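Engineer: Below you will find the structure I want to go over with you.
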Amino acid sequence: MNVVVIFAGGTGQRMNMKTRPKQFLEFHGKPILVYTLEQFQQHEGIDGIVIASLAGYIDYCWQLVHKYDLTKVAAIVPGGENGQMSIFNGLKKAGELYDPDSAVLIHDGVRPLIDQETISRCIDCVNAHGSAVTVTPATETIVMRGESEEIGEIIERSHCQMARAPQCFVLKDILEAHHKAQLERKLSFIDSACLMRYYGHKLYSVEGKPENIKITTPSDFYIFRAIMDARENSQILGL
């Protein structure tokens, strides 16, 4: 089986949101989270979805699930105090509902531009290698921070990739790594790939599309809106 854990527990601090978290911002009357969920709902290889949400928004999430007929959503659980704990809560519920040998795709609720091809390639990579980390090529020069405001090492751009999502693993393997992190009180891994690498798992990459951005700042939202408008206009004009 292939299942998805959607992390939708952020509070949107970098968006300076005073009304609602960024995952519930609307475009054409539909929340960003729904655009994300629909990509997995529509993929024929996805069997189920678990959402880790802000506790105060669980009822609202269920309202969205019913309104948009997101039938693959099997559970919505409260998130934790940080991203790692929220994902862990989602994975625990997935472990209760699905076969431990399932492929699990971990994705941000605010990455609505994920595409069907990347989802398929992630599933194939997990089946072949046990992991799949979506990446895109680095398009800017990467420099290391030096001392006293000096520039440190300049890294050749062609050797660098940007880690994105989905990040995908065998369900039992990622759960085991999370349990180890809990026991060792290592609760500040920046993402699932870092956690799995720390516990000795080999990671394999799947190249995704550059537009699969994470909507973190107001400018990200405007980019998302521009891309969606461009897609809509191309359909209308038959381009």
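Just remember, in the structure tokens the first chain shown is A, the second B, etc., residues are 1-based per chain, and ligands are 1-based in the order shown.
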So that I can check the surroundings of region 35-40 of chain A, please list as a VMD selection string every protein, DNA and RNA residue that reaches within 7 Å of it, counting only C-alpha atoms and ignoring chain neighbours fewer than 4 positions away.
Structural biologist: chain A and resid 31 46 109 to 112 114 to 116
Engineer: Write out as a ChimeraX atom specification which residues come within 12 Å of Lys214 (chain A) when counting only C-alpha atoms, dropping same-chain ones fewer than 3 positions away.
Structural biologist: /A:7-8,10,12,15,22-23,32-33,36,107-114,163-166,210-211,217-224
Engineer: Kindly export the residues of the current selection with C-alpha atoms, as a PDB file, in the first residue's frame.
Structural biologist:
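This went into part.pdb:
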```
ATOM      1  CA  PHE A   7       1.882  17.882   7.909  1.00  0.00           C
ATOM      2  CA  ALA A   8      -0.540  20.788   8.361  1.00  0.00           C
ATOM      3  CA  GLY A  10       2.258  25.151  11.164  1.00  0.00           C
ATOM      4  CA  GLY A  12       2.272  30.651   9.747  1.00  0.00           C
ATOM      5  CA  MET A  15       3.445  34.789   6.870  1.00  0.00           C
ATOM      6  CA  LYS A  22      -1.149  29.679   6.076  1.00  0.00           C
ATOM      7  CA  GLN A  23      -2.427  26.217   5.089  1.00  0.00           C
ATOM      8  CA  ILE A  32      -4.151  25.792   0.085  1.00  0.00           C
ATOM      9  CA  LEU A  33      -4.383  22.564   2.096  1.00  0.00           C
ATOM     10  CA  THR A  36      -2.406  19.794  -1.738  1.00  0.00           C
ATOM     11  CA  HIS A 107       4.427  15.980   2.558  1.00  0.00           C
ATOM     12  CA  ASP A 108       3.845  19.575   3.616  1.00  0.00           C
ATOM     13  CA  GLY A 109       0.261  20.781   3.563  1.00  0.00           C
ATOM     14  CA  VAL A 110       1.580  24.032   2.087  1.00  0.00           C
ATOM     15  CA  ARG A 111       3.190  22.436  -0.980  1.00  0.00           C
ATOM     16  CA  PRO A 112       0.120  22.460  -3.238  1.00  0.00           C
ATOM     17  CA  LEU A 113       2.055  22.343  -6.522  1.00  0.00           C
ATOM     18  CA  ILE A 114       3.186  18.741  -6.138  1.00  0.00           C
ATOM     19  CA  ALA A 163      15.673  18.916  -0.552  1.00  0.00           C
ATOM     20  CA  ARG A 164      11.916  19.247  -0.892  1.00  0.00           C
ATOM     21  CA  ALA A 165       8.890  17.015  -0.390  1.00  0.00           C
ATOM     22  CA  PRO A 166       7.506  14.404  -0.531  1.00  0.00           C
ATOM     23  CA  PRO A 210      11.016  23.621  -9.448  1.00  0.00           C
ATOM     24  CA  GLU A 211       7.488  24.969  -8.939  1.00  0.00           C
ATOM     25  CA  THR A 217       6.197  33.763   3.151  1.00  0.00           C
ATOM     26  CA  PRO A 218       3.806  36.216   1.466  1.00  0.00           C
ATOM     27  CA  SER A 219       5.974  36.197  -1.673  1.00  0.00           C
ATOM     28  CA  ASP A 220       5.590  32.404  -1.890  1.00  0.00           C
ATOM     29  CA  PHE A 221       1.819  32.822  -1.884  1.00  0.00           C
ATOM     30  CA  TYR A 222       2.008  35.344  -4.715  1.00  0.00           C
ATOM     31  CA  ILE A 223       4.206  32.952  -6.725  1.00  0.00           C
ATOM     32  CA  PHE A 224       1.685  30.140  -6.149  1.00  0.00           C
TER      33      PHE A 224
END
```
Engineer: I'd like a table as CSV: residues in region 195-230 of chain A with an atom no more than 12 Å from region 121-142 of chain A, each row giving the shortest atom pair and its distance in Å to one decimal, only C-alpha atoms counted, sorted by chain and rising residue number.
Structural biologist:
```
residue,atom,partner,partner_atom,distance
A:Met196,CA,A:Ser131,CA,9.3
A:Arg197,CA,A:Ser131,CA,10.5
A:His201,CA,A:Ser131,CA,8.4
A:Lys202,CA,A:Ser131,CA,7.4
A:Leu203,CA,A:Ser131,CA,5.6
A:Tyr204,CA,A:Ala132,CA,5.1
A:Ser205,CA,A:Val133,CA,4.8
A:Val206,CA,A:Thr134,CA,4.8
A:Glu207,CA,A:Val135,CA,4.9
A:Gly208,CA,A:Val135,CA,5.7
A:Lys209,CA,A:Thr136,CA,6.6
A:Pro210,CA,A:Thr136,CA,6.1
A:Glu211,CA,A:Thr136,CA,9.5
A:Asn212,CA,A:Thr136,CA,9.1
A:Ile213,CA,A:Thr136,CA,10.3
```
Engineer: Kindly save the residues from that selection, with N, CA and C atoms included, as a compact mmCIF listing (two decimals), in the first residue's frame.
Structural biologist:
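Below is the file that was written, result_13.txt:
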```txt
# COMPACT_ATOMS: atom_id res chain seq x y z
N MET A 196 16.35 10.18 9.17
CA MET A 196 16.67 8.84 8.65
C MET A 196 18.16 8.69 8.37
N ARG A 197 18.78 9.72 7.87
CA ARG A 197 20.22 9.64 7.62
C ARG A 197 20.99 9.50 8.94
N HIS A 201 20.17 5.20 7.56
CA HIS A 201 19.48 4.79 6.35
C HIS A 201 20.05 5.50 5.12
N LYS A 202 20.21 4.76 4.04
CA LYS A 202 20.62 5.36 2.78
C LYS A 202 19.44 6.12 2.18
N LEU A 203 19.74 7.25 1.60
CA LEU A 203 18.69 8.09 1.00
C LEU A 203 18.92 8.18 -0.51
N TYR A 204 17.84 8.06 -1.24
CA TYR A 204 17.89 8.15 -2.69
C TYR A 204 17.02 9.32 -3.16
N SER A 205 17.46 9.97 -4.23
CA SER A 205 16.79 11.19 -4.66
C SER A 205 15.87 10.95 -5.85
N VAL A 206 14.81 11.75 -5.89
CA VAL A 206 13.90 11.83 -7.02
C VAL A 206 13.84 13.30 -7.41
N GLU A 207 14.19 13.61 -8.65
CA GLU A 207 14.17 15.01 -9.06
C GLU A 207 12.74 15.46 -9.32
N GLY A 208 12.32 16.50 -8.61
CA GLY A 208 10.99 17.05 -8.77
C GLY A 208 11.02 18.32 -9.58
N LYS A 209 9.88 18.97 -9.69
CA LYS A 209 9.77 20.17 -10.51
C LYS A 209 10.02 21.42 -9.65
N PRO A 210 10.66 22.42 -10.22
CA PRO A 210 11.02 23.62 -9.45
C PRO A 210 9.82 24.33 -8.83
N GLU A 211 8.64 24.24 -9.47
CA GLU A 211 7.49 24.97 -8.94
C GLU A 211 6.88 24.34 -7.69
N ASN A 212 7.39 23.18 -7.27
CA ASN A 212 6.88 22.52 -6.07
C ASN A 212 7.40 23.24 -4.82
N ILE A 213 6.98 24.48 -4.67
CA ILE A 213 7.49 25.33 -3.58
C ILE A 213 6.67 25.14 -2.30
```
Engineer: Write out as a PyMOL selection string each polymer residue whose atoms come within 10 Å of region 50-66 of chain A, counting only C-alpha atoms; drop sequence neighbours fewer than 2 positions from it.
Structural biologist: chain A and resi 3-11+20-21+23-24+30-31+33-34+37-38+48+68-81+83+85-94+97+106-109
Engineer: Quick one: pick out all strand (DSSP E) residues within region 39-201 of chain A from a backbone DSSP run and write them as JSON, numbers by chain.
Structural biologist: {"A": [48, 49, 50, 51, 52, 53, 73, 74, 75, 76, 77, 78, 103, 104, 105, 106, 107, 108, 131, 132, 133, 134, 135, 136, 137, 142, 143, 144, 145, 151, 152, 153, 154, 155, 161, 162, 163, 164, 165, 166, 167, 168, 169, 170]}
Engineer: Check the DSSP output for the backbone and give back, as a ChimeraX atom specification, the residues of region 9-93 of chain A in alpha helix (DSSP H).
Structural biologist: /A:32-41,58-67,83-93
